[in-house]
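Text of protein-v4.txt, listed as compact mmCIF, C-alpha atoms:
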```txt
# COMPACT_ATOMS: atom_id res chain seq x y z
CA MET A 187 -19.19 -24.79 4.80
CA LEU A 188 -20.32 -24.98 1.17
CA ASN A 189 -20.01 -28.74 1.01
CA GLN A 190 -21.73 -29.42 4.27
CA LYS A 191 -24.41 -32.07 4.28
CA ILE A 192 -27.89 -31.09 5.30
CA MET A 193 -29.21 -33.46 7.93
CA LYS A 194 -31.89 -35.88 6.83
CA ASN A 195 -35.31 -35.87 8.45
CA GLU A 196 -34.71 -39.31 9.98
CA ASP A 197 -31.57 -38.09 11.73
CA LEU A 198 -33.39 -35.00 12.98
CA GLN A 199 -36.13 -37.21 14.33
CA ASN A 200 -33.68 -39.46 16.15
CA ILE A 201 -32.09 -36.52 17.96
CA ILE A 202 -35.33 -34.70 18.78
CA ASN A 203 -37.02 -37.86 20.01
CA GLY A 204 -34.85 -37.76 23.12
CA PHE A 205 -35.97 -34.24 24.09
CA GLY A 206 -39.33 -35.21 25.51
CA THR A 207 -41.97 -37.87 25.83
CA ASP A 208 -44.99 -38.46 23.58
CA LEU A 209 -43.56 -36.52 20.65
CA GLU A 210 -45.37 -37.36 17.40
CA PHE A 211 -43.45 -37.12 14.14
CA SER A 212 -44.68 -37.04 10.59
CA THR A 213 -43.56 -35.87 7.15
CA GLU A 214 -46.88 -36.43 5.50
CA ALA A 215 -48.01 -33.67 3.13
CA SER A 216 -45.16 -31.47 4.28
CA GLU A 217 -41.80 -30.40 2.98
CA PHE A 218 -40.42 -30.38 6.52
CA LEU A 219 -40.33 -32.83 9.40
CA ASN A 220 -43.34 -32.14 11.63
CA VAL A 221 -43.30 -32.75 15.33
CA VAL A 222 -46.33 -32.39 17.60
CA VAL A 223 -45.24 -31.48 21.11
CA PRO A 224 -47.47 -31.74 24.20
CA LYS A 225 -48.01 -28.21 25.45
CA GLU A 226 -46.41 -28.83 28.85
CA GLN A 227 -43.10 -29.72 27.18
CA LEU A 228 -43.11 -26.93 24.58
CA HIS A 229 -40.63 -24.62 26.28
CA SER A 230 -38.12 -27.30 27.25
CA VAL A 231 -38.20 -28.93 23.81
CA CYS A 232 -37.76 -25.55 22.09
CA SER A 233 -34.82 -24.52 24.24
CA GLN A 234 -33.12 -27.84 23.53
CA LEU A 235 -33.79 -27.41 19.79
CA LYS A 236 -31.87 -24.17 19.94
CA SER A 237 -29.05 -25.20 22.25
CA ASN A 238 -28.30 -28.67 20.88
CA PRO A 239 -25.01 -28.38 18.93
CA ASP A 240 -26.23 -30.80 16.23
CA LEU A 241 -29.44 -28.85 15.59
CA LYS A 242 -28.85 -25.14 16.35
CA PHE A 243 -32.34 -24.00 15.39
CA ASN A 244 -31.53 -20.33 15.84
CA TYR A 245 -34.21 -18.81 13.62
CA ALA A 246 -38.00 -19.02 13.97
CA PHE A 247 -38.97 -17.82 10.51
CA CYS A 248 -42.69 -18.16 10.94
CA ILE A 249 -45.03 -18.56 13.87
CA THR A 250 -48.65 -19.12 12.97
CA GLY A 251 -51.83 -19.41 15.00
CA MET A 252 -54.20 -22.19 14.00
CA ASP A 253 -57.77 -23.19 14.66
CA TRP A 254 -58.34 -26.87 13.84
CA GLY A 255 -62.02 -26.59 14.68
CA LYS A 256 -61.71 -28.42 17.96
CA GLU A 257 -58.25 -27.45 19.13
CA LEU A 258 -56.47 -24.14 19.02
CA GLY A 259 -52.76 -24.17 18.51
CA VAL A 260 -49.56 -22.63 17.23
CA ILE A 261 -47.21 -23.79 14.48
CA TYR A 262 -43.54 -22.85 14.68
CA HIS A 263 -41.38 -23.01 11.56
CA LEU A 264 -37.77 -23.23 12.63
CA GLU A 265 -34.53 -23.08 10.69
CA SER A 266 -30.87 -23.35 11.44
CA THR A 267 -29.13 -20.63 9.45
CA GLU A 268 -25.85 -22.41 10.05
CA LEU A 269 -26.75 -26.04 9.40
CA LYS A 270 -29.50 -25.26 6.86
CA HIS A 271 -32.16 -27.63 8.09
CA GLN A 272 -35.76 -26.87 8.92
CA LEU A 273 -38.38 -28.19 11.28
CA VAL A 274 -42.04 -27.63 12.01
CA VAL A 275 -43.19 -27.76 15.62
CA LYS A 276 -46.91 -27.94 16.38
CA VAL A 277 -48.52 -27.44 19.72
CA MET A 278 -52.23 -27.45 20.49
CA THR A 279 -54.68 -27.07 23.31
CA ASP A 280 -58.27 -28.26 23.73
CA ASP A 281 -59.26 -25.37 25.95
CA ARG A 282 -61.16 -22.87 23.80
CA GLU A 283 -62.33 -20.71 26.69
CA ASN A 284 -58.96 -19.84 28.09
CA PRO A 285 -56.23 -21.29 25.84
CA THR A 286 -52.80 -20.82 27.33
CA LEU A 287 -49.40 -21.86 26.00
CA ASP A 288 -45.84 -21.08 27.02
CA SER A 289 -44.11 -18.16 25.38
CA VAL A 290 -40.88 -18.84 23.51
CA HIS A 291 -39.85 -15.20 23.20
CA ASP A 292 -36.89 -15.81 25.52
CA ILE A 293 -35.56 -18.41 23.04
CA TRP A 294 -36.27 -16.60 19.76
CA GLN A 295 -36.85 -12.90 20.28
CA THR A 296 -38.87 -12.62 17.06
CA ALA A 297 -41.55 -14.70 18.78
CA ASP A 298 -42.49 -11.64 20.83
CA PHE A 299 -44.42 -9.97 17.98
CA HIS A 300 -45.49 -13.22 16.37
CA GLU A 301 -47.18 -14.20 19.62
CA LEU A 302 -48.86 -10.81 19.79
CA GLU A 303 -50.33 -11.53 16.38
CA VAL A 304 -51.51 -14.99 17.44
CA TYR A 305 -53.07 -13.49 20.55
CA ASP A 306 -54.73 -10.79 18.47
CA PHE A 307 -56.44 -13.14 16.03
CA PHE A 308 -56.85 -16.39 17.99
CA GLY A 309 -56.94 -15.31 21.62
CA ILE A 310 -54.22 -17.71 22.69
CA LYS A 311 -52.50 -16.40 25.81
CA PHE A 312 -48.80 -16.90 26.32
CA ASN A 313 -47.29 -17.46 29.75
CA ASN A 314 -44.34 -15.17 30.53
CA HIS A 315 -44.91 -12.97 27.50
CA PRO A 316 -43.63 -9.44 28.30
CA LYS A 317 -46.80 -7.59 27.31
CA LEU A 318 -49.75 -9.22 25.60
CA ARG A 319 -51.93 -6.66 23.85
CA ARG A 320 -53.85 -6.02 20.65
CA LEU A 321 -51.40 -5.48 17.80
CA PHE A 322 -53.32 -5.11 14.52
CA LEU A 323 -56.85 -4.70 15.79
CA THR A 324 -58.13 -1.81 17.86
CA PRO A 325 -57.61 -2.10 21.64
CA ASP A 326 -61.36 -2.31 22.32
CA TRP A 327 -61.99 -5.08 19.78
CA ASP A 328 -64.37 -7.76 20.95
CA GLY A 329 -63.56 -11.37 20.03
CA PHE A 330 -60.88 -13.07 17.95
CA PRO A 331 -61.71 -12.85 14.25
CA LEU A 332 -59.68 -15.72 12.80
CA ARG A 333 -61.31 -18.34 15.00
CA LYS A 334 -63.66 -20.64 13.11
CA ASP A 335 -66.57 -19.84 15.42
CA TYR A 336 -66.17 -16.06 15.19
CA VAL A 337 -69.46 -14.31 14.43
CA ASP A 338 -69.73 -10.81 12.96
CA GLU A 339 -73.27 -10.23 11.79
CA ALA A 340 -72.65 -6.74 10.47
CA ASN A 341 -69.78 -7.55 8.15
CA MET A 342 -69.90 -11.26 7.37
CA ILE A 343 -72.33 -13.44 5.48
CA VAL A 344 -73.27 -16.48 7.51
CA LYS A 345 -73.00 -19.59 5.38
CA MET B 48 -78.69 47.48 -26.25
CA GLY B 49 -77.32 43.96 -26.36
CA VAL B 50 -79.05 41.16 -28.19
CA GLU B 51 -79.84 39.33 -24.98
CA LYS B 52 -81.37 42.39 -23.37
CA LYS B 53 -83.54 42.99 -26.41
CA ARG B 54 -84.67 39.36 -26.38
CA PHE B 55 -85.45 39.59 -22.65
CA LEU B 56 -87.54 42.75 -23.05
CA ASN B 57 -89.39 41.34 -26.07
CA GLN B 58 -90.18 38.19 -24.15
CA MET B 59 -91.55 40.20 -21.23
CA GLU B 60 -93.69 42.22 -23.56
CA ALA B 61 -95.04 39.10 -25.26
CA GLU B 62 -96.03 37.65 -21.93
CA GLY B 63 -97.76 40.86 -20.95
CA LEU B 64 -95.35 41.68 -18.19
CA LYS B 65 -93.81 45.01 -17.41
CA GLN B 66 -90.85 45.91 -15.36
CA VAL B 67 -92.20 47.33 -12.15
CA VAL B 68 -89.96 50.04 -10.74
CA PRO B 69 -91.23 52.19 -7.89
CA ASP B 70 -91.23 55.91 -8.71
CA SER B 71 -89.29 56.67 -5.58
CA PHE B 72 -86.38 54.49 -6.75
CA PRO B 73 -83.47 56.88 -7.16
CA GLY B 74 -81.23 54.95 -9.52
CA LYS B 75 -81.39 53.46 -12.97
CA VAL B 76 -82.61 49.88 -13.45
CA ILE B 77 -80.79 47.76 -15.93
CA PRO B 78 -83.04 44.89 -16.93
CA GLY B 79 -81.92 41.31 -16.42
CA GLY B 80 -80.74 39.25 -19.33
CA ASN B 81 -78.19 41.82 -20.28
CA GLY B 82 -75.83 39.27 -21.69
CA GLY B 83 -74.73 38.08 -18.24
CA ASN B 84 -75.69 34.49 -18.95
CA ILE B 85 -73.53 34.36 -21.98
CA VAL B 86 -70.58 35.49 -19.94
CA VAL B 87 -71.31 32.92 -17.23
CA THR B 88 -71.71 29.93 -19.55
CA THR B 89 -68.60 30.92 -21.43
CA LEU B 90 -66.71 31.27 -18.18
CA ASP B 91 -68.06 27.88 -17.13
CA SER B 92 -66.82 26.19 -20.22
CA VAL B 93 -63.42 27.84 -19.92
CA ILE B 94 -63.10 26.86 -16.27
CA ASN B 95 -64.37 23.33 -16.88
CA TRP B 96 -62.00 22.95 -19.79
CA GLY B 97 -59.16 23.95 -17.53
CA ARG B 98 -60.22 21.72 -14.67
CA ALA B 99 -60.92 18.69 -16.82
CA ASN B 100 -57.59 18.85 -18.55
CA SER B 101 -55.37 19.37 -15.54
CA LEU B 102 -56.59 16.79 -13.05
CA TRP B 103 -53.78 15.83 -10.76
CA PRO B 104 -54.27 12.42 -9.18
CA LEU B 105 -53.12 11.57 -5.68
CA TYR B 106 -50.68 8.71 -5.07
CA PHE B 107 -53.06 6.30 -3.41
CA GLY B 108 -52.95 2.55 -3.88
CA THR B 109 -53.99 -0.01 -1.31
CA SER B 110 -53.58 -3.22 -3.30
CA CYS B 111 -53.00 -4.79 -6.69
CA CYS B 112 -55.07 -2.22 -8.64
CA ALA B 113 -52.29 0.22 -7.81
CA ILE B 114 -49.99 -1.70 -10.15
CA GLU B 115 -52.41 -1.15 -13.03
CA MET B 116 -52.78 2.50 -12.02
CA MET B 117 -48.99 2.91 -12.18
CA GLN B 118 -49.02 1.21 -15.58
CA THR B 119 -51.68 3.68 -16.71
CA GLY B 120 -49.28 6.46 -15.81
CA ALA B 121 -46.25 4.75 -17.33
CA PRO B 122 -45.09 5.58 -20.88
CA LYS B 123 -47.06 2.87 -22.69
CA HIS B 124 -50.48 4.19 -21.69
CA ASP B 125 -49.43 7.54 -20.27
CA PHE B 126 -52.37 9.37 -18.73
CA SER B 127 -50.43 12.63 -19.10
CA ARG B 128 -51.73 12.68 -22.67
CA PHE B 129 -55.17 13.49 -21.28
CA GLY B 130 -54.05 16.01 -18.72
CA PHE B 131 -53.58 13.80 -15.65
CA GLU B 132 -50.20 15.34 -15.74
CA VAL B 133 -48.45 14.57 -12.50
CA ALA B 134 -49.40 12.30 -9.62
CA ARG B 135 -48.99 14.23 -6.39
CA PRO B 136 -47.82 12.72 -3.12
CA SER B 137 -49.73 15.32 -1.11
CA ALA B 138 -53.50 15.54 -0.86
CA ARG B 139 -53.22 19.33 -0.71
CA GLN B 140 -52.03 19.44 -4.32
CA ALA B 141 -54.32 16.82 -5.81
CA ASP B 142 -57.71 17.16 -7.52
CA LEU B 143 -58.46 13.50 -8.06
CA ILE B 144 -58.16 10.42 -5.89
CA ILE B 145 -58.16 7.04 -7.61
CA ILE B 146 -59.09 4.45 -5.00
CA ALA B 147 -56.96 1.59 -6.27
CA GLY B 148 -57.55 -1.31 -3.95
CA THR B 149 -59.30 -2.74 -0.94
CA ILE B 150 -60.35 -0.33 1.79
CA VAL B 151 -60.29 -1.97 5.20
CA ASN B 152 -61.86 -0.66 8.38
CA LYS B 153 -58.60 0.81 9.58
CA MET B 154 -57.98 2.51 6.24
CA GLY B 155 -61.45 4.06 6.10
CA PRO B 156 -60.73 7.03 8.39
CA VAL B 157 -57.41 7.63 6.62
CA LEU B 158 -59.12 7.74 3.24
CA ARG B 159 -61.71 10.14 4.60
CA ARG B 160 -59.04 12.39 6.03
CA LEU B 161 -57.15 12.44 2.73
CA TYR B 162 -60.36 13.34 0.93
CA ASP B 163 -61.08 16.12 3.41
CA GLN B 164 -57.57 17.51 2.97
CA MET B 165 -57.91 17.82 -0.79
CA ALA B 166 -58.74 21.25 -2.15
CA GLU B 167 -62.10 21.67 -3.84
CA PRO B 168 -63.23 20.86 -6.43
CA LYS B 169 -62.22 17.25 -5.93
CA TYR B 170 -63.13 14.08 -7.72
CA VAL B 171 -63.05 10.40 -6.89
CA ILE B 172 -62.67 7.34 -9.09
CA ALA B 173 -63.33 3.92 -7.54
CA MET B 174 -61.08 1.52 -9.40
CA GLY B 175 -61.67 -2.22 -9.33
CA ALA B 176 -64.04 -4.60 -7.59
CA CYS B 177 -62.67 -4.02 -4.07
CA ALA B 178 -63.19 -0.27 -4.17
CA ILE B 179 -66.66 -0.72 -5.68
CA SER B 180 -68.10 -3.46 -3.48
CA GLY B 181 -65.48 -5.04 -1.24
CA GLY B 182 -64.12 -7.28 -3.94
CA PRO B 183 -64.37 -10.86 -5.10
CA PHE B 184 -62.01 -12.25 -2.45
CA TYR B 185 -62.35 -10.42 0.80
CA TYR B 186 -66.01 -9.45 0.97
CA ASN B 187 -66.89 -12.03 3.61
CA SER B 188 -64.49 -10.65 6.15
CA TYR B 189 -64.57 -8.77 9.42
CA SER B 190 -62.12 -6.18 8.15
CA VAL B 191 -63.20 -5.04 4.69
CA ILE B 192 -65.42 -2.06 3.89
CA LYS B 193 -67.91 -3.17 1.26
CA GLY B 194 -67.29 -0.36 -1.19
CA ALA B 195 -65.37 2.88 -0.81
CA ASP B 196 -68.59 4.84 -1.37
CA HIS B 197 -69.44 4.08 2.24
CA VAL B 198 -66.60 6.45 3.15
CA ILE B 199 -66.49 9.17 0.49
CA PRO B 200 -68.68 10.09 -2.50
CA VAL B 201 -67.53 8.51 -5.75
CA ASP B 202 -67.85 10.06 -9.23
CA VAL B 203 -66.83 7.23 -11.55
CA TYR B 204 -66.75 3.48 -10.99
CA VAL B 205 -64.34 1.40 -13.06
CA PRO B 206 -65.12 -2.32 -12.76
CA GLY B 207 -62.55 -5.06 -13.17
CA CYS B 208 -60.18 -7.12 -11.10
CA PRO B 209 -58.02 -5.26 -11.73
CA PRO B 210 -59.25 -3.13 -14.66
CA ARG B 211 -56.84 -2.90 -17.56
CA PRO B 212 -55.12 0.47 -18.03
CA GLU B 213 -57.39 1.16 -21.01
CA ALA B 214 -60.43 0.72 -18.76
CA LEU B 215 -59.05 3.10 -16.17
CA LEU B 216 -58.22 5.60 -18.93
CA GLU B 217 -61.79 5.39 -20.17
CA GLY B 218 -63.05 5.99 -16.65
CA MET B 219 -60.80 9.01 -16.33
CA ILE B 220 -62.01 10.40 -19.65
CA MET B 221 -65.59 9.85 -18.50
CA LEU B 222 -64.77 11.91 -15.43
CA GLN B 223 -63.47 14.67 -17.71
CA GLU B 224 -66.74 14.57 -19.63
CA LYS B 225 -68.62 14.85 -16.38
CA ILE B 226 -66.57 17.86 -15.34
CA LYS B 227 -67.24 19.52 -18.70
CA THR B 228 -70.99 19.49 -18.00
CA GLU B 229 -70.56 21.28 -14.68
CA ASN B 230 -72.24 24.58 -14.00
CA MET B 231 -70.93 27.09 -11.50
CA LYS B 232 -74.42 28.12 -10.40
CA GLN B 233 -75.82 24.65 -9.86
CA LYS B 234 -72.67 23.01 -8.58
CA VAL B 235 -73.21 20.97 -5.43
CA ASN B 236 -70.46 19.73 -3.24
CA PRO B 237 -70.82 15.91 -3.23
CA ILE B 238 -69.78 15.69 0.42
CA ASP B 239 -72.74 17.87 1.51
CA GLY B 240 -75.23 15.58 3.21
CA PHE B 241 -73.15 12.52 2.41
CA ASP B 242 -72.89 11.42 6.04
CA GLU B 243 -76.64 11.79 6.44
CA GLY B 244 -77.15 9.25 3.66
CA LYS B 245 -77.94 11.59 0.77
```
Take the structure in the file and write it out as structure tokens.
Amino acid sequence: MLNQKIMKNEDLQNIINGFGTDLEFSTEASEFLNVVVPKEQLHSVCSQLKSNPDLKFNYAFCITGMDWGKELGVIYHLESTELKHQLVVKVMTDDRENPTLDSVHDIWQTADFHELEVYDFFGIKFNNHPKLRRLFLTPDWDGFPLRKDYVDEANMIVK
Amino acid sequence: MGVEKKRFLNQMEAEGLKQVVPDSFPGKVIPGGNGGNIVVTTLDSVINWGRANSLWPLYFGTSCCAIEMMQTGAPKHDFSRFGFEVARPSARQADLIIIAGTIVNKMGPVLRRLYDQMAEPKYVIAMGACAISGGPFYYNSYSVIKGADHVIPVDVYVPGCPPRPEALLEGMIMLQEKIKTENMKQKVNPIDGFDEGK
């Protein structure tokens, strides 16, 4: 195990490319291989990333919400604790009124609370999530404070 | 007749006043100024001396200023030298709360409860930019209270980000000097009227 070779990004890309259509890859300005997945294919691509014997991405070490200004989205940092390679999966949606993505909590259980956090701060809803609720903010909180267009006149200086 | 009483009577005489005691009053009247003030001021200074030199701070640190506060208590700077003997983990046993760090909206009620649980007299030091005004980093945020003095009354402000241990020590010594000027008769509880915007 100590002498195992960590898979190169090109090899990762070749395997993952077969998991879906319209996957966009890049390594620009990133330590890891980035793959942008269309939101309809998110769940199927993620379950293949975990179950494929050459990849075995069994650990989602960070799940982050993101507001790109126009799109809302989620960034998944994945790692294989066995094969020692990492991958970044990005998924985004144009719908700012009612953004909805698929939950991956049935693939990586840690995603349960990470998705609660994303919901709390970005208002992204997750299909099939066991119980979406406010996690850090109070239950009666109005709005999603980490969105770029969030307005709080009492506490924030408008620039 | 004590010196004070004599001085009081002489002063009354000089001002043309007389002690008015109704004839029907059955007892004996001891004039004011019978040395009582001397006893009170002396008591004050003894009590203040005791209070100022045995301030026990509460363990309370909400961000990086707490590291400097710990350093102030560690052997190199050692606030025990000035009577901040032991930091207490319970608000019931503490006289002083050093707000070392950012206070967010969710922490505000907790800080207030801790303050209310402390036994009087109690003192507050706001340490660092976050506790004074919300801080240099997080002020433009939905979550940060812009200064701990929106929650509880503060006695001494120590600026810095974070302040060095020497600065905190100076702030603590300033608090001791403040306590030494206290007067039992005129002492006001800083929390009285605080919520009404005093």
Per residue of chain B within 6 Å of chain A, what are the shortest atom pair and its distance in Å to one decimal, counting all atoms listed in the file, with rows by chain and residue number, as CSV?
```
residue,atom,partner,partner_atom,distance
B:Asn187,CA,A:Met342,CA,4.9
B:Ser188,CA,A:Met342,CA,5.6
B:Tyr189,CA,A:Asn341,CA,5.5
```
For the contact check between region 254-343 of chain A and region 214-220 of chain A, emit one row per residue of region 254-343 of chain A within 8 Å, containing the shortest atom pair and the distance in Å rounded to one decimal, counting all atoms listed in the file, chain then rising number order, as JSON lines.
```
{"residue": "A:Gln272", "atom": "CA", "partner": "A:Phe218", "partner_atom": "CA", "distance": 6.3}
{"residue": "A:Leu273", "atom": "CA", "partner": "A:Leu219", "partner_atom": "CA", "distance": 5.4}
{"residue": "A:Val274", "atom": "CA", "partner": "A:Asn220", "partner_atom": "CA", "distance": 4.7}
{"residue": "A:Val275", "atom": "CA", "partner": "A:Asn220", "partner_atom": "CA", "distance": 5.9}
{"residue": "A:Lys276", "atom": "CA", "partner": "A:Asn220", "partner_atom": "CA", "distance": 7.3}
```
Fewer than 4 positions away in the same chain doesn't count, so skip those; otherwise give me all residues within 12 Å of region 306-310 of chain A, counting only C-alpha atoms, as an MDAnalysis selection string. (chainID A and resid 250:255 257:260 277:289 299:302 315 318:336) or (chainID B and resid 189:190)
Filtering to C-alpha atoms, could you give me those residues as a CSV table (one decimal), in the frame of the given file?
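File out.csv, as written:
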```
chain,number,residue,atom,x,y,z
A,250,THR,CA,-48.6,-19.1,13.0
A,251,GLY,CA,-51.8,-19.4,15.0
A,252,MET,CA,-54.2,-22.2,14.0
A,253,ASP,CA,-57.8,-23.2,14.7
A,254,TRP,CA,-58.3,-26.9,13.8
A,255,GLY,CA,-62.0,-26.6,14.7
A,257,GLU,CA,-58.2,-27.4,19.1
A,258,LEU,CA,-56.5,-24.1,19.0
A,259,GLY,CA,-52.8,-24.2,18.5
A,260,VAL,CA,-49.6,-22.6,17.2
A,277,VAL,CA,-48.5,-27.4,19.7
A,278,MET,CA,-52.2,-27.4,20.5
A,279,THR,CA,-54.7,-27.1,23.3
A,280,ASP,CA,-58.3,-28.3,23.7
A,281,ASP,CA,-59.3,-25.4,26.0
A,282,ARG,CA,-61.2,-22.9,23.8
A,283,GLU,CA,-62.3,-20.7,26.7
A,284,ASN,CA,-59.0,-19.8,28.1
A,285,PRO,CA,-56.2,-21.3,25.8
A,286,THR,CA,-52.8,-20.8,27.3
A,287,LEU,CA,-49.4,-21.9,26.0
A,288,ASP,CA,-45.8,-21.1,27.0
A,289,SER,CA,-44.1,-18.2,25.4
A,299,PHE,CA,-44.4,-10.0,18.0
A,300,HIS,CA,-45.5,-13.2,16.4
A,301,GLU,CA,-47.2,-14.2,19.6
A,302,LEU,CA,-48.9,-10.8,19.8
A,315,HIS,CA,-44.9,-13.0,27.5
A,318,LEU,CA,-49.8,-9.2,25.6
A,319,ARG,CA,-51.9,-6.7,23.8
A,320,ARG,CA,-53.8,-6.0,20.6
A,321,LEU,CA,-51.4,-5.5,17.8
A,322,PHE,CA,-53.3,-5.1,14.5
A,323,LEU,CA,-56.8,-4.7,15.8
A,324,THR,CA,-58.1,-1.8,17.9
A,325,PRO,CA,-57.6,-2.1,21.6
A,326,ASP,CA,-61.4,-2.3,22.3
A,327,TRP,CA,-62.0,-5.1,19.8
A,328,ASP,CA,-64.4,-7.8,21.0
A,329,GLY,CA,-63.6,-11.4,20.0
A,330,PHE,CA,-60.9,-13.1,18.0
A,331,PRO,CA,-61.7,-12.8,14.2
A,332,LEU,CA,-59.7,-15.7,12.8
A,333,ARG,CA,-61.3,-18.3,15.0
A,334,LYS,CA,-63.7,-20.6,13.1
A,335,ASP,CA,-66.6,-19.8,15.4
A,336,TYR,CA,-66.2,-16.1,15.2
B,189,TYR,CA,-64.6,-8.8,9.4
B,190,SER,CA,-62.1,-6.2,8.2
```
Would you work out the distance separating CA of Gly155 (chain B) from CA of Gly181 (chain B), expressed in Å to one decimal? 12.4 Å
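When the distance limit is 12 Å and only C-alpha atoms are what count, the residues near Pro136 (chain B), minus those fewer than 4 positions from it on the same chain, are B:Trp103, B:Pro104, B:Leu105, B:Tyr106, B:Phe107, B:Gly108, B:Gln140, B:Ala141, B:Asp142, B:Leu143, B:Ile144, B:Leu161, B:Met165.
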Could you please give me, as a ChimeraX atom specification, the residues of protein, DNA or RNA lying at most 9 Å from (-58.6, -5.1, -14.1) in the coordinate frame of the file, considering only C-alpha atoms? /B:112,115,174-176,205-212,214-215
Which residues come within 7 Å of Ser233 (chain A), counting only C-alpha atoms, excluding same-chain residues fewer than 4 positions away, as a ChimeraX atom specification? /A:229,237,293
Record the distance separating CA of Glu132 (chain B) and CA of Leu222 (chain B), expressed in Å with one decimal.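 These two atoms are separated by 15.0 Å.
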For CA of Tyr245 (chain A) and CA of Asp208 (chain A), quote the distance in Å rounded to one decimal.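 Taking CA of Tyr245 (chain A) as the start and CA of Asp208 (chain A) as the end point, the length is 24.5 Å.
Comparing the minimum interatomic distances between Gln234 (chain A) and each of A:Met193, A:Leu264, A:Ile202, A:Ala246, counting only C-alpha atoms, we find that A:Ile202 sits nearest.
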Coordinates of region 200-218 of chain A, N, CA and C atoms, as a short mmCIF file (atom, residue, chain, number, x, y, z; two decimals), in the first residue's frame:
```
data_model
loop_
_atom_site.label_atom_id
_atom_site.label_comp_id
_atom_site.auth_asym_id
_atom_site.auth_seq_id
_atom_site.Cartn_x
_atom_site.Cartn_y
_atom_site.Cartn_z
N ASN A 200 -10.24 10.51 -17.72
CA ASN A 200 -10.66 9.51 -18.70
C ASN A 200 -11.74 8.59 -18.13
N ILE A 201 -11.59 8.20 -16.87
CA ILE A 201 -12.60 7.31 -16.28
C ILE A 201 -13.92 8.06 -16.09
N ILE A 202 -13.82 9.27 -15.48
CA ILE A 202 -15.04 9.99 -15.11
C ILE A 202 -15.81 10.44 -16.34
N ASN A 203 -15.10 10.67 -17.44
CA ASN A 203 -15.76 11.16 -18.64
C ASN A 203 -16.87 10.22 -19.11
N GLY A 204 -16.73 8.93 -18.81
CA GLY A 204 -17.75 7.99 -19.24
C GLY A 204 -18.99 7.96 -18.37
N PHE A 205 -18.98 8.69 -17.25
CA PHE A 205 -20.09 8.61 -16.29
C PHE A 205 -21.31 9.41 -16.73
N GLY A 206 -21.11 10.39 -17.58
CA GLY A 206 -22.24 11.22 -17.96
C GLY A 206 -21.94 11.97 -19.23
N THR A 207 -22.86 12.78 -19.65
CA THR A 207 -22.64 13.60 -20.84
C THR A 207 -22.45 15.04 -20.41
N ASP A 208 -21.80 15.82 -21.26
CA ASP A 208 -21.56 17.25 -21.04
C ASP A 208 -20.80 17.53 -19.76
N LEU A 209 -19.89 16.66 -19.37
CA LEU A 209 -19.06 16.97 -18.20
C LEU A 209 -17.91 17.88 -18.64
N GLU A 210 -17.67 18.95 -17.88
CA GLU A 210 -16.58 19.87 -18.23
C GLU A 210 -15.46 19.70 -17.23
N PHE A 211 -14.25 19.49 -17.74
CA PHE A 211 -13.09 19.29 -16.86
C PHE A 211 -12.15 20.48 -16.93
N SER A 212 -11.51 20.75 -15.82
CA SER A 212 -10.43 21.74 -15.87
C SER A 212 -9.53 21.53 -14.66
N THR A 213 -8.28 21.96 -14.78
CA THR A 213 -7.37 21.96 -13.64
C THR A 213 -6.82 23.35 -13.41
N GLU A 214 -7.43 24.30 -14.07
CA GLU A 214 -6.92 25.66 -14.01
C GLU A 214 -7.10 26.24 -12.61
N ALA A 215 -6.05 26.87 -12.10
CA ALA A 215 -6.09 27.54 -10.80
C ALA A 215 -6.61 26.62 -9.70
N SER A 216 -6.29 25.35 -9.79
CA SER A 216 -6.76 24.43 -8.76
C SER A 216 -5.76 23.31 -8.58
N GLU A 217 -5.63 22.87 -7.33
CA GLU A 217 -4.75 21.77 -7.04
C GLU A 217 -5.35 20.46 -7.56
N PHE A 218 -6.68 20.41 -7.58
CA PHE A 218 -7.38 19.17 -7.92
C PHE A 218 -7.97 19.25 -9.31
#
```
